[in-house]
file data-v2.txt (compact mmCIF, C-alpha atoms)
# COMPACT_ATOMS: atom_id res chain seq x y z
CA MET A 1 0.00 0.00 0.00
CA THR A 2 1.28 3.46 -0.86
CA GLU A 3 2.34 5.44 2.20
CA LEU A 4 0.92 8.94 2.63
CA LEU A 5 3.68 10.95 4.33
CA ALA A 6 2.73 14.21 6.05
CA PRO A 7 4.75 17.13 7.46
CA ALA A 8 4.67 18.33 11.06
CA GLY A 9 6.31 21.51 12.29
CA ASN A 10 4.82 21.10 15.77
CA MET A 11 2.69 18.73 17.84
CA GLU A 12 -0.59 20.31 16.73
CA ALA A 13 0.30 19.77 13.08
CA LEU A 14 1.31 16.17 13.82
CA LYS A 15 -2.06 15.46 15.39
CA ALA A 16 -3.82 17.15 12.48
CA ALA A 17 -1.91 14.97 10.01
CA ILE A 18 -2.66 11.74 11.84
CA SER A 19 -6.33 12.51 12.44
CA ASN A 20 -6.77 13.20 8.73
CA GLY A 21 -5.39 9.90 7.54
CA CYS A 22 -1.62 9.94 7.00
CA ASP A 23 0.40 6.73 7.28
CA ALA A 24 3.61 8.42 8.38
CA VAL A 25 4.86 11.79 9.60
CA TYR A 26 8.20 13.53 9.13
CA LEU A 27 9.47 16.26 11.41
CA GLY A 28 12.64 18.09 12.39
CA MET A 29 14.62 18.67 15.56
CA GLN A 30 16.10 21.94 16.81
CA LYS A 31 19.31 21.22 14.88
CA PHE A 32 20.37 19.50 11.62
CA GLY A 33 16.94 19.89 9.98
CA ALA A 34 16.37 21.93 6.81
CA ARG A 35 13.64 24.06 8.41
CA ALA A 36 15.47 25.97 11.13
CA TYR A 37 12.65 28.53 11.41
CA SER A 38 9.91 25.99 12.03
CA SER A 39 8.88 25.35 15.65
CA ASN A 40 10.41 21.86 15.43
CA PHE A 41 10.73 19.33 18.25
CA ASP A 42 13.00 18.82 21.23
CA LEU A 43 13.67 15.38 22.77
CA GLU A 44 10.73 15.65 25.15
CA THR A 45 8.15 16.59 22.53
CA LEU A 46 9.66 14.07 20.10
CA GLN A 47 9.09 11.29 22.63
CA GLU A 48 5.49 12.43 22.93
CA ALA A 49 5.18 12.51 19.14
CA VAL A 50 6.62 9.01 18.68
CA THR A 51 4.33 7.57 21.34
CA TYR A 52 1.28 9.33 19.88
CA ALA A 53 2.10 8.17 16.33
CA HIS A 54 3.01 4.56 17.12
CA LEU A 55 -0.12 4.05 19.22
CA ARG A 56 -2.04 4.87 16.03
CA ASP A 57 0.10 2.68 13.78
CA VAL A 58 1.72 5.70 12.14
CA LYS A 59 5.46 5.78 11.42
CA LEU A 60 7.64 8.73 12.33
CA TYR A 61 10.72 9.92 10.47
CA VAL A 62 13.12 12.66 11.58
CA THR A 63 14.84 14.99 9.14
CA MET A 64 18.57 15.52 9.65
CA ASN A 65 18.91 16.75 6.11
CA THR A 66 21.43 19.56 6.34
CA ILE A 67 25.15 19.37 5.71
CA VAL A 68 27.14 18.78 8.91
CA PHE A 69 30.27 20.77 9.77
CA GLN A 70 33.35 18.96 11.03
CA ASN A 71 33.02 20.41 14.53
CA GLU A 72 29.42 19.13 14.72
CA VAL A 73 30.08 15.46 13.96
CA GLU A 74 30.08 14.28 17.60
CA GLU A 75 26.91 16.26 18.34
CA MET A 76 25.32 14.74 15.23
CA LYS A 77 26.21 11.21 16.41
CA GLU A 78 24.82 11.92 19.87
CA GLN A 79 21.52 13.12 18.42
CA ILE A 80 21.22 10.01 16.24
CA HIS A 81 21.73 7.79 19.31
CA LYS A 82 18.99 9.64 21.17
CA LEU A 83 16.62 9.33 18.22
CA ASN A 84 17.26 5.59 18.19
CA GLU A 85 16.55 5.34 21.92
CA ILE A 86 13.26 7.22 21.47
CA GLY A 87 12.27 4.80 18.71
CA VAL A 88 11.95 6.82 15.51
CA ASP A 89 11.45 4.68 12.41
CA GLY A 90 13.96 6.41 10.15
CA ILE A 91 16.17 9.44 9.62
CA ILE A 92 16.19 11.46 6.40
CA VAL A 93 19.74 12.64 5.72
CA GLN A 94 21.74 14.65 3.19
CA ASP A 95 25.22 14.52 4.71
CA LEU A 96 27.18 11.37 3.83
CA THR A 97 28.79 11.23 7.27
CA ALA A 98 25.40 11.06 8.94
CA PHE A 99 24.20 8.53 6.38
CA ASP A 100 27.22 6.27 6.88
CA TYR A 101 26.97 6.45 10.67
CA ILE A 102 23.31 5.36 10.69
CA VAL A 103 23.88 2.49 8.27
CA LYS A 104 26.88 1.09 10.19
CA ASN A 105 25.56 1.45 13.73
CA PHE A 106 21.79 0.96 13.79
CA VAL A 107 19.85 -2.09 12.71
CA ASP A 108 16.29 -0.99 13.50
CA MET A 109 16.49 2.62 12.32
CA GLU A 110 16.38 3.27 8.58
CA ALA A 111 18.59 5.70 6.67
CA HIS A 112 16.61 7.56 4.01
CA CYS A 113 18.39 9.59 1.31
CA SER A 114 17.01 13.13 1.33
CA THR A 115 15.96 14.84 -1.90
CA GLN A 116 18.82 17.24 -1.03
CA MET A 117 21.20 14.51 -2.22
CA GLY A 118 20.01 15.13 -5.76
CA ILE A 119 19.44 11.48 -6.68
CA ASP A 120 17.61 11.47 -10.01
CA ASP A 121 18.57 8.32 -11.91
CA VAL A 122 19.00 4.54 -11.71
CA ASP A 123 22.76 4.64 -11.11
CA GLY A 124 22.53 7.01 -8.16
CA THR A 125 19.73 4.99 -6.60
CA LEU A 126 21.61 1.70 -7.02
CA LEU A 127 24.73 3.26 -5.48
CA PHE A 128 22.93 4.27 -2.31
CA LYS A 129 21.07 0.97 -2.15
CA GLU A 130 24.47 -0.75 -2.16
CA LEU A 131 25.71 1.64 0.53
CA GLY A 132 22.79 0.68 2.78
CA ALA A 133 19.94 3.12 2.15
CA LYS A 134 16.49 1.78 2.98
CA ARG A 135 14.68 4.48 0.99
CA VAL A 136 15.54 7.13 -1.59
CA VAL A 137 13.69 10.46 -1.81
CA LEU A 138 14.07 11.38 -5.48
CA SER A 139 14.68 14.87 -6.82
CA ARG A 140 11.52 16.83 -7.58
CA GLU A 141 12.68 17.31 -11.16
CA VAL A 142 12.41 13.59 -12.01
CA LYS A 143 9.70 12.68 -14.54
CA VAL A 144 7.15 10.02 -13.67
CA GLU A 145 8.47 7.65 -16.34
CA THR A 146 11.94 7.83 -14.80
CA VAL A 147 10.50 7.25 -11.33
CA LYS A 148 8.91 4.03 -12.55
CA GLU A 149 12.09 2.95 -14.31
CA ILE A 150 14.15 3.52 -11.16
CA LYS A 151 11.64 1.53 -9.12
CA ARG A 152 11.64 -1.36 -11.60
CA ILE A 153 15.42 -1.65 -11.86
CA ALA A 154 16.66 -0.60 -8.42
CA GLU A 155 13.95 -2.41 -6.42
CA ILE A 156 14.26 -0.11 -3.42
CA PRO A 157 11.52 1.88 -1.68
CA LEU A 158 11.09 5.29 -3.33
CA GLU A 159 9.59 8.49 -1.98
CA ILE A 160 8.51 11.50 -4.05
CA PHE A 161 6.96 14.88 -3.33
CA VAL A 162 3.37 15.20 -4.55
CA HIS A 163 2.20 18.49 -3.04
CA GLY A 164 3.53 21.77 -1.68
CA ALA A 165 6.21 24.38 -2.23
CA LEU A 166 8.85 23.92 -4.92
CA CYS A 167 12.40 25.24 -4.82
CA VAL A 168 13.64 27.02 -7.93
CA SER A 169 17.08 25.42 -7.54
CA TYR A 170 17.74 21.84 -8.60
CA SER A 171 16.69 19.36 -5.92
CA GLY A 172 16.65 22.15 -3.34
CA ASN A 173 20.41 22.68 -3.39
CA CYS A 174 20.23 26.46 -3.31
CA LEU A 175 23.33 28.64 -3.04
CA MET A 176 21.51 31.89 -3.85
CA SER A 177 20.25 32.37 -0.29
CA GLY A 178 23.76 32.19 1.14
CA LEU A 179 25.27 34.45 -1.49
CA LEU A 180 22.61 37.17 -1.33
CA GLY A 181 21.27 36.87 2.19
CA ASN A 182 24.19 35.32 4.07
CA ARG A 183 21.91 32.53 5.26
CA CYS A 184 22.65 29.05 3.92
CA ALA A 185 19.65 27.13 2.60
CA ASN A 186 21.58 23.87 2.98
CA ARG A 187 21.82 24.62 6.69
CA GLY A 188 18.07 25.13 6.98
CA ARG A 189 18.15 28.94 6.95
CA CYS A 190 16.77 29.84 3.54
CA VAL A 191 16.19 33.56 3.18
CA GLY A 192 13.67 33.01 0.37
CA SER A 193 15.67 34.68 -2.39
CA CYS A 194 13.45 33.13 -5.05
CA ARG A 195 10.38 34.80 -3.50
CA LYS A 196 11.76 38.32 -4.01
CA GLU A 197 10.88 40.75 -6.79
CA TYR A 198 13.56 41.15 -9.47
CA ASP A 199 14.18 43.54 -12.32
CA LEU A 200 14.75 41.62 -15.56
CA ILE A 201 17.46 43.36 -17.58
CA ASP A 202 18.10 42.99 -21.30
CA LYS A 203 21.91 43.06 -21.27
CA THR A 204 22.13 43.70 -25.02
CA THR A 205 20.47 47.10 -24.55
CA ASP A 206 20.92 47.45 -20.77
CA THR A 207 17.22 48.24 -20.41
CA SER A 208 14.66 46.92 -17.94
CA LEU A 209 12.00 44.50 -19.16
CA GLY A 210 10.00 45.03 -15.99
CA LYS A 211 9.87 43.85 -12.40
CA SER A 212 8.23 40.60 -11.36
CA TYR A 213 8.61 37.57 -9.11
CA ILE A 214 10.31 35.74 -11.94
CA LEU A 215 11.92 33.04 -9.77
CA SER A 216 8.92 32.27 -7.56
CA THR A 217 7.61 28.78 -8.30
CA LYS A 218 4.01 27.71 -8.02
CA ASP A 219 3.06 25.01 -5.54
CA LEU A 220 3.07 21.39 -6.66
CA ASN A 221 -0.32 19.68 -6.88
CA THR A 222 -0.63 16.15 -8.29
CA ILE A 223 -4.04 15.21 -6.89
CA ASP A 224 -5.38 14.58 -10.40
CA TYR A 225 -2.59 12.11 -11.16
CA ILE A 226 -2.33 10.26 -7.87
CA HIS A 227 -3.14 6.85 -9.33
CA ASP A 228 -0.32 7.14 -11.85
CA LEU A 229 1.92 6.82 -8.81
CA ASN A 230 0.69 3.47 -7.49
CA GLU A 231 4.17 1.96 -7.87
CA VAL A 232 5.75 4.58 -5.63
CA ASP A 233 6.16 3.54 -2.00
CA SER A 234 5.69 6.91 -0.31
CA LEU A 235 3.91 10.08 -1.43
CA LYS A 236 5.23 13.10 0.45
CA ILE A 237 3.49 16.38 1.23
CA GLU A 238 5.77 19.39 1.74
CA GLY A 239 4.95 21.75 4.59
CA ARG A 240 6.86 21.68 7.89
CA MET A 241 6.49 25.47 8.00
CA LYS A 242 2.74 25.32 7.37
CA ALA A 243 -0.10 25.74 9.83
CA PRO A 244 -2.00 22.71 11.21
CA THR A 245 -5.07 23.78 9.19
CA TYR A 246 -3.01 23.49 5.99
CA VAL A 247 -1.72 20.05 6.99
CA ALA A 248 -5.22 18.86 7.84
CA ASN A 249 -6.70 20.10 4.56
CA VAL A 250 -4.03 18.69 2.25
CA VAL A 251 -3.63 15.35 4.04
CA SER A 252 -7.38 14.75 4.08
CA LYS A 253 -7.69 15.41 0.33
CA TYR A 254 -4.83 13.09 -0.62
CA ARG A 255 -6.24 10.44 1.71
CA MET A 256 -9.54 10.70 -0.16
CA ALA A 257 -7.74 10.49 -3.50
CA LEU A 258 -5.79 7.39 -2.52
CA ASP A 259 -9.01 5.78 -1.26
CA HIS A 260 -10.89 6.66 -4.51
CA LYS A 261 -13.33 8.85 -2.59
CA ILE A 262 -12.39 12.35 -3.73
CA THR A 263 -14.77 14.69 -5.57
CA GLU A 264 -14.08 17.70 -7.75
CA GLU A 265 -15.32 19.90 -4.92
CA ASP A 266 -12.77 18.32 -2.59
CA LYS A 267 -9.98 19.06 -5.06
CA GLU A 268 -11.16 22.64 -5.35
CA ASN A 269 -11.03 22.95 -1.57
CA LEU A 270 -7.26 22.57 -1.69
CA LYS A 271 -7.25 26.25 -2.65
CA LYS A 272 -8.77 27.19 0.71
CA THR A 273 -5.44 26.93 2.49
CA PHE A 274 -2.06 28.40 1.57
CA ASN A 275 -1.09 28.10 -2.09
CA ARG A 276 0.82 30.06 -4.72
CA THR A 277 -1.50 28.63 -7.39
CA PHE A 278 -0.71 25.15 -8.64
CA THR A 279 1.45 23.28 -11.10
CA LYS A 280 1.69 19.56 -11.87
CA GLY A 281 5.45 20.03 -11.82
CA TYR A 282 8.27 18.41 -13.73
CA LEU A 283 6.94 15.07 -12.47
CA PHE A 284 4.04 15.29 -14.94
CA HIS A 285 5.70 17.28 -17.74
CA GLU A 286 4.42 20.74 -16.87
CA ASP A 287 4.98 23.40 -19.52
CA LYS A 288 8.05 25.28 -18.27
CA ARG A 289 6.14 28.54 -18.67
CA ASN A 290 3.67 27.29 -16.05
CA ILE A 291 6.17 26.47 -13.29
CA THR A 292 6.40 29.98 -11.83
CA ASN A 293 3.83 32.54 -10.74
CA ILE A 294 5.45 35.89 -11.45
CA LEU A 295 2.52 37.93 -10.05
CA LYS A 296 2.65 37.03 -6.37
CA PRO A 297 5.13 35.07 -4.21
CA ASN A 298 2.86 34.22 -1.27
CA ASN A 299 -0.61 32.89 -0.60
CA PHE A 300 -2.84 33.41 -3.63
CA GLY A 301 -6.13 32.11 -2.26
CA TYR A 302 -9.11 31.94 -4.59
CA GLU A 303 -11.56 34.52 -5.86
CA ILE A 304 -14.90 34.75 -4.06
CA GLY A 305 -16.36 37.92 -5.55
CA THR A 306 -15.97 41.66 -6.19
CA ILE A 307 -16.61 44.85 -4.28
CA SER A 308 -19.66 46.26 -6.05
CA LYS A 309 -20.42 49.35 -3.95
CA VAL A 310 -18.75 51.52 -1.30
CA ILE A 311 -20.74 53.69 1.12
CA LYS A 312 -18.38 55.39 3.58
CA ASP A 313 -16.81 52.50 5.53
CA THR A 314 -19.33 49.89 4.33
CA TYR A 315 -18.40 47.66 1.40
CA GLU A 316 -20.93 45.71 -0.61
CA ILE A 317 -19.52 42.41 -1.90
CA THR A 318 -21.15 40.53 -4.76
CA LEU A 319 -20.18 36.92 -4.19
CA THR A 320 -19.43 34.05 -6.55
CA ARG A 321 -18.64 31.75 -3.60
CA PRO A 322 -19.97 31.68 -0.02
CA LEU A 323 -18.40 33.93 2.63
CA ASN A 324 -18.63 33.10 6.33
CA GLN A 325 -18.14 35.08 9.49
CA ASN A 326 -14.51 34.79 10.72
CA ASP A 327 -13.21 33.87 7.25
CA THR A 328 -9.95 35.54 6.30
CA ILE A 329 -10.13 37.49 3.03
CA ARG A 330 -7.74 39.50 0.91
CA ILE A 331 -8.94 42.59 -0.95
CA SER A 332 -6.73 43.37 -3.93
CA HIS A 333 -6.58 46.72 -5.71
CA ASN A 334 -3.87 48.18 -7.92
CA ASN A 335 -1.43 45.43 -6.92
CA GLU A 336 -1.89 46.25 -3.25
CA ASP A 337 -3.49 43.84 -0.78
CA VAL A 338 -5.50 44.31 2.38
CA ASN A 339 -5.86 41.16 4.51
CA LEU A 340 -8.52 40.99 7.18
CA THR A 341 -10.76 38.66 9.13
CA VAL A 342 -14.50 39.10 8.62
CA ALA A 343 -15.43 39.59 12.27
CA LYS A 344 -18.90 40.92 11.37
CA LEU A 345 -20.95 40.14 8.28
CA TYR A 346 -24.17 41.98 7.37
CA ASN A 347 -27.12 41.48 5.00
CA LYS A 348 -28.92 44.23 3.02
CA GLU A 349 -31.02 45.15 6.03
CA GLY A 350 -27.90 45.70 8.14
CA GLU A 351 -28.53 42.61 10.23
CA LEU A 352 -25.65 40.43 11.42
CA ILE A 353 -25.44 37.10 9.60
CA ASN A 354 -23.16 34.06 9.82
CA THR A 355 -22.88 33.28 6.12
CA ALA A 356 -23.72 34.80 2.72
CA ASP A 357 -24.08 33.30 -0.75
CA ASP A 358 -24.86 36.21 -3.09
CA VAL A 359 -24.51 39.72 -1.61
CA CYS A 360 -23.16 40.78 1.76
CA TYR A 361 -21.72 43.82 3.53
CA ILE A 362 -18.65 44.37 5.67
CA LYS A 363 -17.27 47.43 7.46
CA ILE A 364 -13.55 48.14 7.25
CA LYS A 365 -11.25 51.05 7.94
CA GLU A 366 -8.66 50.47 5.18
CA ARG A 367 -8.96 52.32 1.87
CA CYS A 368 -9.36 49.79 -0.91
CA LEU A 369 -11.71 49.82 -3.87
CA ARG A 370 -13.53 47.88 -6.51
CA GLU A 371 -11.66 44.65 -7.04
CA MET A 372 -11.42 41.53 -4.91
call {"tool": "encode", "arguments": {"input": "data-v2.txt", "output": "structure tokens"}}
result
Amino acid sequence: MTELLAPAGNMEALKAAISNGCDAVYLGMQKFGARAYSSNFDLETLQEAVTYAHLRDVKLYVTMNTIVFQNEVEEMKEQIHKLNEIGVDGIIVQDLTAFDYIVKNFVDMEAHCSTQMGIDDVDGTLLFKELGAKRVVLSREVKVETVKEIKRIAEIPLEIFVHGALCVSYSGNCLMSGLLGNRCANRGRCVGSCRKEYDLIDKTTDTSLGKSYILSTKDLNTIDYIHDLNEVDSLKIEGRMKAPTYVANVVSKYRMALDHKITEEDKENLKKTFNRTFTKGYLFHEDKRNITNILKPNNFGYEIGTISKVIKDTYEITLTRPLNQNDTIRISHNNEDVNLTVAKLYNKEGELINTADDVCYIKIKERCLREM
């Protein structure tokens, strides 16, 4: 059975993942994980997480997928020993020293090759199988046909990303963050250089072709192709920096898809939590012009209507989708955004309502007009 592997940046996200149907969870510790700015886990909360997961027949993997400096080797070994004592099922690693140490010293704890290793072909997979890897997480640039070929020839468990943020650099090995922001992405401290606005310069004329978020990739979404991946052992959702609501939403939809229970409405609901609009990625031969979203580098959301009238501080919204009290909305106008929570929602008579389907009214202080 294909494993559905979910991210957890904290205990609340882990519980959200498990309650929504994942088969395994991956998370990071305070050090050696590629998400240094996530909440992450210490030894005490990791023990709680392992106990919680294993009681529910869910596996737990720890990411130690950064490069390790020479003066950190003993600390790295000590952490691996503690993870083994706690009972984690596997460790996802990039550094060859960490990989070799796990393989040679631990029988019951698996060494998984991180996507950061850049393994993208049969030869690389066979090499690490020979060296003792129990699973290989392939590069996100690998096409589905190659994934199946690697599985057929190498005969080793494979893991691939099926949903979430994409890195503009190959297999996540970014040097841009360190060069521009003095924070090394391969040490878990990505500054998000690819999410910045850049001026595209025509060097033949030394003129600007305009500013845009030219390096900002869309989010991967393969929910429509999930059954083309039946031969893959583990389907991985990106998102250790994401909120528990995001984890719950995405995990539940992929669980439905794997169980042949998903509807088109369910797929559409993936847009209700964080997304930069979607792409099927290199995995399913996306047109290269459709990999990036140059308009906006953060949460895009989905359109629910337009502002049709403004009377002082009251805004009339003509809806194409329902709006509920306490929903978070973004009002866009002239490339500027206003984000707010709909604390109070009114009908035409000025009465407070909980939900609206066609026309509703909100009161806000910010100046923004006409377009939502």
call {"tool": "atom_distance", "arguments": {"input": "data-v2.txt", "atom1": "atom CA of A:Leu127", "atom2": "atom CA of A:Glu145"}}
result
20.0 Å
call {"tool": "atom_distance", "arguments": {"input": "data-v2.txt", "atom1": "atom CA of A:Thr320", "atom2": "atom CA of A:Ser308"}}
result
12.2 Å
call {"tool": "closest_residue", "arguments": {"input": "data-v2.txt", "among": "A:Phe32, A:Tyr198, A:Tyr225, A:Tyr315", "to": "A:Lys365", "atoms": "all atoms listed in the file"}}
result
A:Tyr315
call {"tool": "residues_around", "arguments": {"input": "data-v2.txt", "residues": "A:Asp233", "least_positions_apart": "3", "cutoff": "12 Å", "atoms": "only C-alpha atoms", "output": "list in words"}}
result
Met1, Thr2, Glu3, Leu4, Leu5, Asp23, Ala24, Lys134, Arg135, Val136, Val137, Leu138, Val147, Lys148, Lys151, Glu155, Ile156, Pro157, Leu158, Glu159, Ile160, Phe161, Leu229, Asn230 and Lys236 of chain A
call {"tool": "write_last_selection", "arguments": {"input": "data-v2.txt", "atoms": "C-alpha atoms", "output": "tab-separated table (two decimals), in the frame of the given file"}}
result
chain	number	residue	atom	x	y	z
A	1	MET	CA	0.00	0.00	0.00
A	2	THR	CA	1.28	3.46	-0.86
A	3	GLU	CA	2.34	5.44	2.20
A	4	LEU	CA	0.92	8.94	2.63
A	5	LEU	CA	3.68	10.95	4.33
A	23	ASP	CA	0.40	6.73	7.28
A	24	ALA	CA	3.61	8.42	8.38
A	134	LYS	CA	16.49	1.78	2.98
A	135	ARG	CA	14.68	4.48	0.99
A	136	VAL	CA	15.54	7.13	-1.59
A	137	VAL	CA	13.69	10.46	-1.81
A	138	LEU	CA	14.07	11.38	-5.48
A	147	VAL	CA	10.50	7.25	-11.33
A	148	LYS	CA	8.91	4.03	-12.55
A	151	LYS	CA	11.64	1.53	-9.12
A	155	GLU	CA	13.95	-2.41	-6.42
A	156	ILE	CA	14.26	-0.11	-3.42
A	157	PRO	CA	11.52	1.88	-1.68
A	158	LEU	CA	11.09	5.29	-3.33
A	159	GLU	CA	9.59	8.49	-1.98
A	160	ILE	CA	8.51	11.50	-4.05
A	161	PHE	CA	6.96	14.88	-3.33
A	229	LEU	CA	1.92	6.82	-8.81
A	230	ASN	CA	0.69	3.47	-7.49
A	236	LYS	CA	5.23	13.10	0.45
call {"tool": "closest_residue", "arguments": {"input": "data-v2.txt", "among": "A:Gly281, A:Gly118, A:Ile362, A:Lys267", "to": "A:Ile307", "atoms": "only C-alpha atoms"}}
result
A:Ile362
call {"tool": "closest_residue", "arguments": {"input": "data-v2.txt", "among": "A:Asp327, A:Val162, A:Ala49, A:Cys190", "to": "A:Leu175", "atoms": "all atoms listed in the file"}}
result
A:Cys190
call {"tool": "residues_around", "arguments": {"input": "data-v2.txt", "residues": "stretch 90-106 of chain A", "least_positions_apart": "5", "cutoff": "9 Å", "atoms": "all atoms listed in the file", "output": "ChimeraX atom specification"}}
result
/A:26,33,59-68,73,76-77,80-81,83-84,111-117,131-135,137
call {"tool": "build_atoms", "arguments": {"input": "data-v2.txt", "residues": "stretch 185-199 of chain A", "atoms": "N, CA, C and O atoms", "output": "mmCIF file, in the coordinates of the input"}}
result
data_model
loop_
_atom_site.group_PDB
_atom_site.id
_atom_site.type_symbol
_atom_site.label_atom_id
_atom_site.label_comp_id
_atom_site.auth_asym_id
_atom_site.auth_seq_id
_atom_site.Cartn_x
_atom_site.Cartn_y
_atom_site.Cartn_z
ATOM 1 N N ALA A 185 20.834 27.974 2.736
ATOM 2 C CA ALA A 185 19.650 27.130 2.600
ATOM 3 C C ALA A 185 19.972 25.686 2.947
ATOM 4 O O ALA A 185 19.116 24.952 3.453
ATOM 5 N N ASN A 186 21.185 25.239 2.674
ATOM 6 C CA ASN A 186 21.580 23.870 2.980
ATOM 7 C C ASN A 186 21.926 23.660 4.443
ATOM 8 O O ASN A 186 22.358 22.581 4.840
ATOM 9 N N ARG A 187 21.736 24.724 5.230
ATOM 10 C CA ARG A 187 21.820 24.620 6.690
ATOM 11 C C ARG A 187 20.464 24.940 7.317
ATOM 12 O O ARG A 187 20.350 25.203 8.499
ATOM 13 N N GLY A 188 19.417 24.937 6.482
ATOM 14 C CA GLY A 188 18.070 25.130 6.980
ATOM 15 C C GLY A 188 17.657 26.563 7.196
ATOM 16 O O GLY A 188 16.641 26.836 7.844
ATOM 17 N N ARG A 189 18.426 27.530 6.660
ATOM 18 C CA ARG A 189 18.150 28.940 6.950
ATOM 19 C C ARG A 189 17.873 29.747 5.683
ATOM 20 O O ARG A 189 18.363 30.856 5.514
ATOM 21 N N CYS A 190 17.087 29.185 4.810
ATOM 22 C CA CYS A 190 16.770 29.840 3.540
ATOM 23 C C CYS A 190 16.156 31.212 3.755
ATOM 24 O O CYS A 190 15.209 31.378 4.528
ATOM 25 N N VAL A 191 16.695 32.205 3.054
ATOM 26 C CA VAL A 191 16.190 33.560 3.180
ATOM 27 C C VAL A 191 15.050 33.834 2.194
ATOM 28 O O VAL A 191 14.425 34.886 2.211
ATOM 29 N N GLY A 192 14.760 32.858 1.331
ATOM 30 C CA GLY A 192 13.670 33.010 0.370
ATOM 31 C C GLY A 192 14.011 33.926 -0.781
ATOM 32 O O GLY A 192 13.183 34.715 -1.246
ATOM 33 N N SER A 193 15.237 33.809 -1.285
ATOM 34 C CA SER A 193 15.670 34.680 -2.390
ATOM 35 C C SER A 193 14.774 34.551 -3.614
ATOM 36 O O SER A 193 14.532 35.529 -4.323
ATOM 37 N N CYS A 194 14.267 33.356 -3.860
ATOM 38 C CA CYS A 194 13.450 33.130 -5.050
ATOM 39 C C CYS A 194 12.068 33.761 -4.924
ATOM 40 O O CYS A 194 11.337 33.876 -5.909
ATOM 41 N N ARG A 195 11.695 34.180 -3.715
ATOM 42 C CA ARG A 195 10.380 34.800 -3.500
ATOM 43 C C ARG A 195 10.437 36.325 -3.569
ATOM 44 O O ARG A 195 9.441 36.996 -3.308
ATOM 45 N N LYS A 196 11.600 36.876 -3.922
ATOM 46 C CA LYS A 196 11.760 38.320 -4.010
ATOM 47 C C LYS A 196 11.415 38.830 -5.410
ATOM 48 O O LYS A 196 11.417 38.082 -6.384
ATOM 49 N N GLU A 197 11.140 40.116 -5.500
ATOM 50 C CA GLU A 197 10.880 40.750 -6.790
ATOM 51 C C GLU A 197 12.206 41.136 -7.443
ATOM 52 O O GLU A 197 13.105 41.668 -6.789
ATOM 53 N N TYR A 198 12.326 40.852 -8.745
ATOM 54 C CA TYR A 198 13.560 41.150 -9.470
ATOM 55 C C TYR A 198 13.252 41.966 -10.721
ATOM 56 O O TYR A 198 12.184 41.849 -11.315
ATOM 57 N N ASP A 199 14.239 42.754 -11.088
ATOM 58 C CA ASP A 199 14.180 43.540 -12.320
ATOM 59 C C ASP A 199 14.883 42.752 -13.414
ATOM 60 O O ASP A 199 16.075 42.451 -13.295
#
